[in-house]
>>> print(open('start-v4.json').read())   # JSON, C-alpha atoms
[["chain", "number", "residue", "atom", "x", "y", "z"],
["A", 1, "MET", "CA", -25.20, -4.84, 64.80],
["A", 2, "SER", "CA", -28.90, -5.64, 64.47],
["A", 3, "LEU", "CA", -31.57, -4.18, 66.77],
["A", 4, "GLY", "CA", -32.80, -7.66, 67.76],
["A", 5, "LYS", "CA", -29.54, -8.36, 69.58],
["A", 6, "LEU", "CA", -29.67, -5.08, 71.56],
["A", 7, "LYS", "CA", -32.91, -5.74, 73.46],
["A", 8, "PRO", "CA", -32.66, -4.13, 76.88],
["A", 9, "PRO", "CA", -33.21, -6.47, 79.89],
["A", 10, "HIS", "CA", -36.54, -6.04, 81.68],
["A", 11, "PRO", "CA", -36.07, -4.85, 85.26],
["A", 12, "PRO", "CA", -37.60, -7.01, 88.01],
["A", 13, "ILE", "CA", -40.92, -5.90, 89.41],
["A", 14, "PRO", "CA", -40.45, -4.75, 93.04],
["A", 15, "PRO", "CA", -42.30, -6.82, 95.67],
["A", 16, "MET", "CA", -45.32, -5.40, 97.41],
["A", 17, "SER", "CA", -44.77, -4.23, 101.00],
["A", 18, "SER", "CA", -46.71, -6.16, 103.73],
["A", 19, "SER", "CA", -46.80, -3.23, 106.19],
["A", 20, "VAL", "CA", -49.43, -1.37, 104.19],
["A", 21, "PRO", "CA", -52.97, -1.80, 105.57],
["A", 22, "PRO", "CA", -55.49, -3.49, 103.23],
["A", 23, "LYS", "CA", -57.81, -0.50, 103.13],
["A", 24, "GLU", "CA", -55.21, 1.80, 101.65],
["A", 25, "ALA", "CA", -54.06, -0.77, 99.13],
["A", 26, "PRO", "CA", -55.73, 0.66, 96.02],
["A", 27, "PRO", "CA", -54.09, 4.10, 96.15],
["A", 28, "THR", "CA", -50.60, 2.70, 97.00],
["A", 29, "TRP", "CA", -50.95, 0.10, 94.22],
["A", 30, "GLY", "CA", -51.66, 2.84, 91.74],
["A", 31, "GLY", "CA", -48.67, 4.86, 92.96],
["A", 32, "ASP", "CA", -46.36, 1.86, 92.84],
["A", 33, "ALA", "CA", -47.54, 1.00, 89.35],
["A", 34, "MET", "CA", -46.83, 4.52, 88.18],
["A", 35, "ASP", "CA", -43.42, 4.45, 89.79],
["A", 36, "THR", "CA", -42.64, 1.12, 88.20],
["A", 37, "LEU", "CA", -43.85, 2.40, 84.83],
["A", 38, "LYS", "CA", -41.71, 5.51, 85.18],
["A", 39, "MET", "CA", -38.77, 3.35, 86.18],
["A", 40, "LYS", "CA", -39.39, 1.06, 83.23],
["A", 41, "ILE", "CA", -39.70, 4.03, 80.86],
["A", 42, "GLY", "CA", -36.51, 5.54, 82.26],
["A", 43, "LEU", "CA", -34.71, 2.23, 81.91],
["A", 44, "LEU", "CA", -36.05, 1.76, 78.41],
["A", 45, "THR", "CA", -34.99, 5.26, 77.35],
["A", 46, "ARG", "CA", -31.59, 4.76, 78.93],
["A", 47, "ASP", "CA", -31.20, 1.35, 77.29],
["A", 48, "ASN", "CA", -32.41, 2.83, 74.00],
["A", 49, "SER", "CA", -29.90, 5.68, 74.20],
["A", 50, "GLU", "CA", -27.17, 3.19, 75.10],
["A", 51, "ALA", "CA", -28.27, 0.97, 72.24],
["A", 52, "MET", "CA", -28.26, 3.95, 69.89],
["A", 53, "ALA", "CA", -24.82, 4.94, 71.10],
["A", 54, "LYS", "CA", -23.62, 1.38, 70.62],
["A", 55, "MET", "CA", -25.19, 1.33, 67.18],
["A", 56, "ALA", "CA", -23.50, 4.61, 66.31],
["A", 57, "LEU", "CA", -20.19, 3.22, 67.59],
["A", 58, "ALA", "CA", -20.81, 0.02, 65.62],
["A", 59, "GLU", "CA", -21.63, 2.01, 62.45],
["A", 60, "GLN", "CA", -18.51, 4.12, 62.98],
["A", 61, "ALA", "CA", -16.46, 0.96, 63.52],
["A", 62, "LYS", "CA", -18.07, -0.54, 60.40],
["A", 63, "GLU", "CA", -17.20, 2.56, 58.33],
["A", 64, "GLU", "CA", -13.65, 2.53, 59.69],
["A", 65, "ALA", "CA", -13.41, -1.18, 58.88],
["A", 66, "GLU", "CA", -14.72, -0.55, 55.34],
["A", 67, "THR", "CA", -12.24, 2.29, 54.86],
["A", 68, "ARG", "CA", -9.47, 0.02, 56.15],
["A", 69, "ILE", "CA", -10.65, -2.75, 53.83],
["A", 70, "LYS", "CA", -10.69, -0.34, 50.88],
["A", 71, "ALA", "CA", -7.24, 0.95, 51.79],
["A", 72, "ALA", "CA", -6.03, -2.65, 52.14],
["A", 73, "GLU", "CA", -7.55, -3.52, 48.74],
["A", 74, "GLU", "CA", -5.87, -0.47, 47.19],
["A", 75, "LYS", "CA", -2.58, -1.52, 48.78],
["A", 76, "ILE", "CA", -3.11, -5.08, 47.49],
["A", 77, "ARG", "CA", -3.79, -3.72, 44.01],
["A", 78, "GLU", "CA", -0.72, -1.50, 44.17],
["A", 79, "GLN", "CA", 1.36, -4.42, 45.43],
["A", 80, "GLY", "CA", -0.05, -6.60, 42.63],
["A", 81, "LYS", "CA", 0.86, -3.93, 40.08],
["A", 82, "LYS", "CA", 4.31, -3.64, 41.59],
["A", 83, "ILE", "CA", 4.68, -7.44, 41.54],
["A", 84, "GLN", "CA", 3.55, -7.50, 37.91],
["A", 85, "SER", "CA", 6.00, -4.74, 36.98],
["A", 86, "ILE", "CA", 8.74, -6.59, 38.90],
["A", 87, "LYS", "CA", 7.88, -9.78, 37.00],
["A", 88, "ILE", "CA", 7.99, -7.92, 33.68],
["A", 89, "LYS", "CA", 11.32, -6.35, 34.64],
["A", 90, "ALA", "CA", 12.62, -9.75, 35.73],
["A", 91, "ASP", "CA", 11.54, -11.32, 32.41],
["A", 92, "TYR", "CA", 13.13, -8.42, 30.53],
["A", 93, "ASN", "CA", 16.33, -8.73, 32.57],
["A", 94, "ASN", "CA", 16.29, -12.50, 31.99],
["A", 95, "ASP", "CA", 15.94, -11.97, 28.24],
["A", 96, "LEU", "CA", 18.72, -9.39, 28.35],
["A", 97, "TYR", "CA", 20.89, -11.79, 30.35],
["A", 98, "GLN", "CA", 20.28, -14.57, 27.82],
["A", 99, "LYS", "CA", 21.01, -12.23, 24.91],
["A", 100, "ASN", "CA", 24.13, -10.92, 26.62],
["A", 101, "SER", "CA", 25.24, -14.45, 27.40],
["A", 102, "LYS", "CA", 24.76, -15.40, 23.72],
["A", 103, "THR", "CA", 26.65, -12.32, 22.59],
["A", 104, "CYS", "CA", 29.40, -13.06, 25.12],
["A", 105, "ARG", "CA", 29.70, -16.61, 23.79],
["A", 106, "ARG", "CA", 29.86, -15.31, 20.24],
["A", 107, "LYS", "CA", 32.46, -12.72, 21.26],
["A", 108, "GLU", "CA", 34.50, -15.40, 23.02],
["A", 109, "GLU", "CA", 34.33, -17.59, 19.90],
["A", 110, "ALA", "CA", 35.25, -14.58, 17.76],
["A", 111, "LEU", "CA", 38.12, -13.80, 20.15],
["A", 112, "VAL", "CA", 39.43, -17.37, 19.89],
["A", 113, "ALA", "CA", 39.17, -17.21, 16.09],
["A", 114, "ALA", "CA", 40.88, -13.79, 16.10],
["A", 115, "LYS", "CA", 43.71, -15.18, 18.24],
["A", 116, "GLU", "CA", 44.14, -18.07, 15.81],
["A", 117, "GLU", "CA", 44.08, -15.63, 12.91],
["A", 118, "ILE", "CA", 46.67, -13.44, 14.67],
["A", 119, "GLN", "CA", 48.91, -16.47, 15.16],
["A", 120, "ASN", "CA", 48.56, -17.39, 11.49],
["A", 121, "LEU", "CA", 49.27, -13.78, 10.51],
["A", 122, "THR", "CA", 52.38, -13.66, 12.71],
["A", 123, "ILE", "CA", 53.63, -16.87, 11.04],
["A", 124, "ARG", "CA", 52.81, -15.37, 7.63],
["A", 125, "GLU", "CA", 54.57, -12.15, 8.61],
["A", 126, "GLY", "CA", 57.75, -14.07, 9.52],
["A", 127, "GLU", "CA", 57.63, -15.90, 6.20],
["A", 128, "LEU", "CA", 57.11, -12.61, 4.34],
["A", 129, "LYS", "CA", 60.05, -11.03, 6.22],
["A", 130, "ASN", "CA", 62.30, -13.92, 5.20],
["A", 131, "GLU", "CA", 61.08, -13.63, 1.61],
["A", 132, "LEU", "CA", 61.68, -9.86, 1.68],
["A", 133, "GLU", "CA", 65.25, -10.32, 2.97],
["A", 134, "ARG", "CA", 65.90, -12.83, 0.21],
["A", 135, "VAL", "CA", 64.47, -10.44, -2.37],
["A", 136, "HIS", "CA", 66.59, -7.52, -1.02],
["A", 137, "ALA", "CA", 69.69, -9.72, -1.30],
["A", 138, "ALA", "CA", 68.90, -10.69, -4.91],
["A", 139, "LEU", "CA", 67.63, -7.20, -5.93],
["A", 140, "PRO", "CA", 70.87, -5.58, -7.30],
["A", 141, "ALA", "CA", 71.65, -8.41, -9.72],
["A", 142, "THR", "CA", 68.07, -8.64, -10.92],
["A", 143, "SER", "CA", 67.85, -4.84, -11.37],
["A", 144, "GLU", "CA", 70.91, -4.86, -13.65],
["A", 145, "LYS", "CA", 69.48, -7.74, -15.64],
["A", 146, "LEU", "CA", 66.16, -5.93, -15.88],
["A", 147, "CYS", "CA", 67.83, -2.77, -17.17],
["A", 148, "GLU", "CA", 69.61, -4.71, -19.90],
["A", 149, "THR", "CA", 66.52, -6.66, -20.87],
["A", 150, "SER", "CA", 64.40, -3.46, -20.85],
["A", 151, "ALA", "CA", 66.85, -1.73, -23.22],
["A", 152, "ASN", "CA", 66.83, -4.72, -25.55],
["A", 153, "ALA", "CA", 63.04, -4.90, -25.32],
["A", 154, "ASP", "CA", 62.73, -1.18, -26.16],
["A", 155, "LYS", "CA", 64.84, -1.65, -29.29],
["A", 156, "GLN", "CA", 62.86, -4.69, -30.33],
["A", 157, "LEU", "CA", 59.57, -2.87, -29.65],
["A", 158, "SER", "CA", 60.63, 0.09, -31.81],
["A", 159, "ASP", "CA", 61.51, -2.31, -34.65],
["A", 160, "VAL", "CA", 58.23, -4.18, -34.20],
["A", 161, "LYS", "CA", 56.25, -0.91, -34.21],
["A", 162, "ASN", "CA", 57.92, 0.20, -37.44],
["A", 163, "LEU", "CA", 57.13, -3.15, -39.04],
["A", 164, "GLU", "CA", 53.55, -2.99, -37.75],
["A", 165, "LEU", "CA", 53.09, 0.49, -39.21],
["A", 166, "ARG", "CA", 54.39, -0.67, -42.59],
["A", 167, "ALA", "CA", 52.14, -3.74, -42.49],
["A", 168, "MET", "CA", 49.14, -1.60, -41.51],
["A", 169, "ILE", "CA", 49.76, 0.82, -44.38],
["A", 170, "ALA", "CA", 50.12, -2.09, -46.79],
["A", 171, "ASP", "CA", 46.96, -3.71, -45.46],
["A", 172, "GLN", "CA", 45.03, -0.45, -45.83],
["A", 173, "THR", "CA", 46.17, 0.01, -49.43],
["A", 174, "VAL", "CA", 45.27, -3.62, -50.23],
["A", 175, "GLU", "CA", 41.85, -3.24, -48.59],
["A", 176, "GLU", "CA", 41.18, 0.01, -50.47],
["A", 177, "MET", "CA", 42.13, -1.59, -53.81],
["A", 178, "GLU", "CA", 39.97, -4.63, -53.03],
["A", 179, "GLU", "CA", 37.05, -2.38, -52.19],
["A", 180, "GLN", "CA", 37.51, -0.41, -55.42],
["A", 181, "LEU", "CA", 37.68, -3.65, -57.40],
["A", 182, "GLU", "CA", 34.50, -4.97, -55.74],
["A", 183, "LEU", "CA", 32.75, -1.66, -56.49],
["A", 184, "ALA", "CA", 33.82, -1.85, -60.14],
["A", 185, "VAL", "CA", 32.61, -5.45, -60.43],
["A", 186, "ASN", "CA", 29.32, -4.58, -58.78],
["A", 187, "MET", "CA", 28.84, -1.54, -61.00],
["A", 188, "ALA", "CA", 29.49, -3.64, -64.14],
["A", 189, "ALA", "CA", 27.05, -6.31, -62.96],
["A", 190, "THR", "CA", 24.38, -3.72, -62.07],
["A", 191, "THR", "CA", 24.81, -1.93, -65.46],
["A", 192, "ASN", "CA", 24.46, -5.25, -67.33],
["A", 193, "HIS", "CA", 21.41, -6.15, -65.27],
["A", 194, "LYS", "CA", 19.86, -2.73, -65.83],
["A", 195, "ALA", "CA", 20.48, -2.97, -69.59],
["A", 196, "GLU", "CA", 18.77, -6.37, -69.75],
["A", 197, "GLU", "CA", 15.83, -5.03, -67.73],
["A", 198, "MET", "CA", 15.54, -1.98, -70.00],
["A", 199, "LEU", "CA", 15.44, -4.23, -73.09],
["A", 200, "ARG", "CA", 12.73, -6.36, -71.50],
["A", 201, "LYS", "CA", 10.75, -3.25, -70.53],
["A", 202, "LEU", "CA", 11.03, -1.87, -74.08],
["A", 203, "GLU", "CA", 9.71, -5.12, -75.54],
["A", 204, "MET", "CA", 6.88, -5.14, -73.01],
["A", 205, "ARG", "CA", 6.09, -1.47, -73.72],
["A", 206, "GLU", "CA", 5.93, -2.10, -77.47],
["A", 207, "ALA", "CA", 3.50, -4.98, -76.91],
["A", 208, "GLU", "CA", 1.50, -2.82, -74.51],
["A", 209, "LEU", "CA", 1.41, 0.02, -77.07],
["A", 210, "LYS", "CA", -0.05, -2.31, -79.69],
["A", 211, "LYS", "CA", -2.65, -3.55, -77.22],
["A", 212, "ALA", "CA", -3.40, 0.04, -76.18],
["A", 213, "GLU", "CA", -3.94, 1.15, -79.78],
["A", 214, "SER", "CA", -6.41, -1.68, -80.33],
["A", 215, "ARG", "CA", -8.10, -0.87, -77.04],
["A", 216, "ALA", "CA", -8.21, 2.85, -77.94],
["A", 217, "ASN", "CA", -10.07, 2.05, -81.15],
["A", 218, "THR", "CA", -12.57, -0.11, -79.29],
["A", 219, "VAL", "CA", -12.87, 2.54, -76.55],
["A", 220, "GLN", "CA", -13.49, 5.27, -79.15],
["A", 221, "ASN", "CA", -16.33, 3.29, -80.62],
["A", 222, "HIS", "CA", -17.65, 2.61, -77.15],
["A", 223, "LEU", "CA", -17.34, 6.31, -76.27],
["A", 224, "ASP", "CA", -19.40, 7.33, -79.25],
["A", 225, "SER", "CA", -22.16, 4.98, -78.17],
["A", 226, "ILE", "CA", -21.85, 6.23, -74.58],
["A", 227, "ASN", "CA", -22.10, 9.87, -75.71],
["A", 228, "ASP", "CA", -25.34, 9.06, -77.44],
["A", 229, "LYS", "CA", -26.61, 7.38, -74.31],
["A", 230, "LEU", "CA", -25.40, 10.32, -72.18],
["A", 231, "ARG", "CA", -27.33, 12.79, -74.24],
["A", 232, "ALA", "CA", -30.45, 10.74, -73.73],
["A", 233, "SER", "CA", -29.69, 10.40, -70.02],
["A", 234, "ASP", "CA", -29.09, 14.18, -69.70],
["A", 235, "LYS", "CA", -32.62, 14.77, -70.69],
["A", 236, "LYS", "CA", -33.79, 12.28, -68.07],
["A", 237, "MET", "CA", -31.44, 13.79, -65.45],
["A", 238, "ASN", "CA", -32.84, 17.26, -66.01],
["A", 239, "ALA", "CA", -36.26, 15.90, -65.17],
["A", 240, "GLN", "CA", -34.98, 13.97, -62.16],
["A", 241, "GLN", "CA", -32.92, 16.89, -60.82],
["A", 242, "PHE", "CA", -36.04, 18.80, -59.94],
["A", 243, "ASN", "CA", -37.32, 15.81, -57.97],
["A", 244, "LEU", "CA", -33.93, 15.43, -56.25],
["A", 245, "GLU", "CA", -33.92, 19.06, -55.11],
["A", 246, "GLU", "CA", -37.32, 18.54, -53.51],
["A", 247, "ARG", "CA", -36.01, 15.38, -51.81],
["A", 248, "VAL", "CA", -32.94, 17.27, -50.57],
["A", 249, "GLN", "CA", -35.12, 19.96, -48.99],
["A", 250, "ARG", "CA", -37.22, 17.28, -47.31],
["A", 251, "GLU", "CA", -34.11, 15.52, -46.03],
["A", 252, "ARG", "CA", -32.82, 18.81, -44.58],
["A", 253, "LYS", "CA", -36.10, 19.29, -42.74],
["A", 254, "TYR", "CA", -35.95, 15.72, -41.46],
["A", 255, "LYS", "CA", -32.32, 16.22, -40.31],
["A", 256, "LYS", "CA", -33.26, 19.39, -38.41],
["A", 257, "GLU", "CA", -36.15, 17.59, -36.72],
["A", 258, "LEU", "CA", -33.86, 14.65, -35.87],
["A", 259, "ALA", "CA", -31.26, 17.03, -34.37],
["A", 260, "LEU", "CA", -33.97, 18.65, -32.23],
["A", 261, "LEU", "CA", -35.20, 15.23, -31.09],
["A", 262, "GLN", "CA", -31.66, 14.11, -30.22],
["A", 263, "ALA", "CA", -31.09, 17.30, -28.21],
["A", 264, "ARG", "CA", -34.32, 16.66, -26.32],
["A", 265, "ILE", "CA", -33.31, 13.04, -25.69],
["A", 266, "THR", "CA", -29.91, 14.13, -24.33],
["A", 267, "GLU", "CA", -31.62, 16.68, -22.06],
["A", 268, "THR", "CA", -34.05, 14.06, -20.77],
["A", 269, "GLU", "CA", -31.17, 11.61, -20.14],
["A", 270, "ALA", "CA", -29.21, 14.29, -18.25],
["A", 271, "ARG", "CA", -32.33, 15.09, -16.17],
["A", 272, "LYS", "CA", -32.82, 11.39, -15.54],
["A", 273, "GLU", "CA", -29.22, 11.00, -14.31],
["A", 274, "ARG", "CA", -29.61, 14.05, -12.05],
["A", 275, "ASP", "CA", -32.88, 12.66, -10.65],
["A", 276, "VAL", "CA", -31.26, 9.27, -10.05],
["A", 277, "GLU", "CA", -28.31, 10.90, -8.19],
["A", 278, "ALA", "CA", -30.71, 13.01, -6.12],
["A", 279, "LEU", "CA", -32.75, 9.87, -5.28],
["A", 280, "LYS", "CA", -29.56, 8.05, -4.23],
["A", 281, "VAL", "CA", -28.57, 10.95, -1.96],
["A", 282, "LEU", "CA", -32.12, 11.04, -0.51],
["A", 283, "LYS", "CA", -32.03, 7.28, 0.06],
["A", 284, "HIS", "CA", -28.64, 7.57, 1.80],
["A", 285, "HIS", "CA", -29.97, 10.33, 4.10],
["A", 286, "VAL", "CA", -33.13, 8.30, 4.86],
["A", 287, "ASP", "CA", -31.03, 5.20, 5.68],
["A", 288, "LEU", "CA", -28.84, 7.28, 7.99],
["A", 289, "ARG", "CA", -31.87, 8.71, 9.78],
["A", 290, "ILE", "CA", -33.42, 5.22, 10.12],
["A", 291, "LYS", "CA", -30.17, 3.91, 11.64],
["A", 292, "LYS", "CA", -29.99, 6.87, 14.02],
["A", 293, "ALA", "CA", -33.62, 6.31, 15.05],
["A", 294, "ALA", "CA", -32.97, 2.58, 15.60],
["A", 295, "LYS", "CA", -29.88, 3.40, 17.71],
["A", 296, "ALA", "CA", -31.89, 5.96, 19.71],
["A", 297, "LYS", "CA", -34.63, 3.38, 20.38],
["A", 298, "LYS", "CA", -32.04, 0.86, 21.52]]
>>> encode(input="start-v4.json", output="C-alpha cells")
Amino acid sequence: MSLGKLKPPHPPIPPMSSSVPPKEAPPTWGGDAMDTLKMKIGLLTRDNSEAMAKMALAEQAKEEAETRIKAAEEKIREQGKKIQSIKIKADYNNDLYQKNSKTCRRKEEALVAAKEEIQNLTIREGELKNELERVHAALPATSEKLCETSANADKQLSDVKNLELRAMIADQTVEEMEEQLELAVNMAATTNHKAEEMLRKLEMREAELKKAESRANTVQNHLDSINDKLRASDKKMNAQQFNLEERVQRERKYKKELALLQARITETEARKERDVEALKVLKHHVDLRIKKAAKAKK
C-alpha cells in the first residue's frame, strides 16, 4: 500500500461559541486555536500510527503472499517435474508394451509354427514306427543273408589282397629295373657327352697354347723394353717421392685443420638448435602469459 492512499481525514474545525463577550475574544481565540492544533496533532499522530500499523500489516501480508507465491511456484515446479517423470515413464511403458506386444506376436507365430512342426513330427514318427516294425520283421532273414555274404566277401577280399600284394611286388621290381635302366642310359649319354666335350677342350687348349707361346714371346720383348723404361722411371720416382712426402705432410695438416673446423661447426649447430628450442619455449611462455593477461582484462 502506498502512503498517498493512507492520508488521514482532516477533522472539522469546531464552531466559535456566541456566548463569549467580544472583549475577551482574543484570548479565547488563541486558546481554541491551540486546542484545535493539539487535537489536529493528536489526530495526525493517531492516524499516522494507524497508517504505520496498516502499512506494517500490509508489508507482512505482502511477505506472506510472496512466501505463498514462492511455495506455490516450488509446488508447481515439483508437479511439473513429477508430470515430466510420469510422461517419461508412460513413454517408457508404452515402448515396453509395444516391444512386448511384438515379442508376444512373434512368440504366438513361433508357437503356431512349433505346433505345425510337432504335428509333422508326430506323422513322421508314425511312419518311422511302421518302417521299424517292417524292418524288425525282415531282420532275421536279412541277417542270415548278410552273414553268408560277409563270409564270401571275406574270402574274396583275402584272395584280392594276396593278388594285390603280388602285383605290388611285381610293379616295384619292374619300376626298380626301369629306374636302373634309365640311370644306365643316362650315364652312357653323359659319359659320351663328357668325352666329346673333353676332346673339344683339348683342341681348344692346344690352340690356346700356341697363341700363348706367341704372346709370351711378344710379351718378353715388351717386358724388356718396359724394364728399361722402369729403370728410367725409378730415377724420376726417387726425385718425386721426396715431393710426395712433403705433400702428404701438408695434407695431414690440412685434414687435422678440417677435422677441427668440422667439430666447431657441429658444436655451433648444436648450440644453434639449443638456442632455437629455448626461444620456442620462451615464445610459448610469453604467449601463455599474453593470453592470461587478455583473459584477466576481459
>>> atom_distance(input="start-v4.json", atom1="atom CA of Leu121 of chain A", atom2="atom CA of Ala137 of chain A")
23.9 Å
>>> atom_distance(input="start-v4.json", atom1="atom CA of Lys107 of chain A", atom2="atom CA of Lys87 of chain A")
29.3 Å
>>> atom_distance(input="start-v4.json", atom1="atom CA of Ala296 of chain A", atom2="atom CA of Leu279 of chain A")
25.3 Å
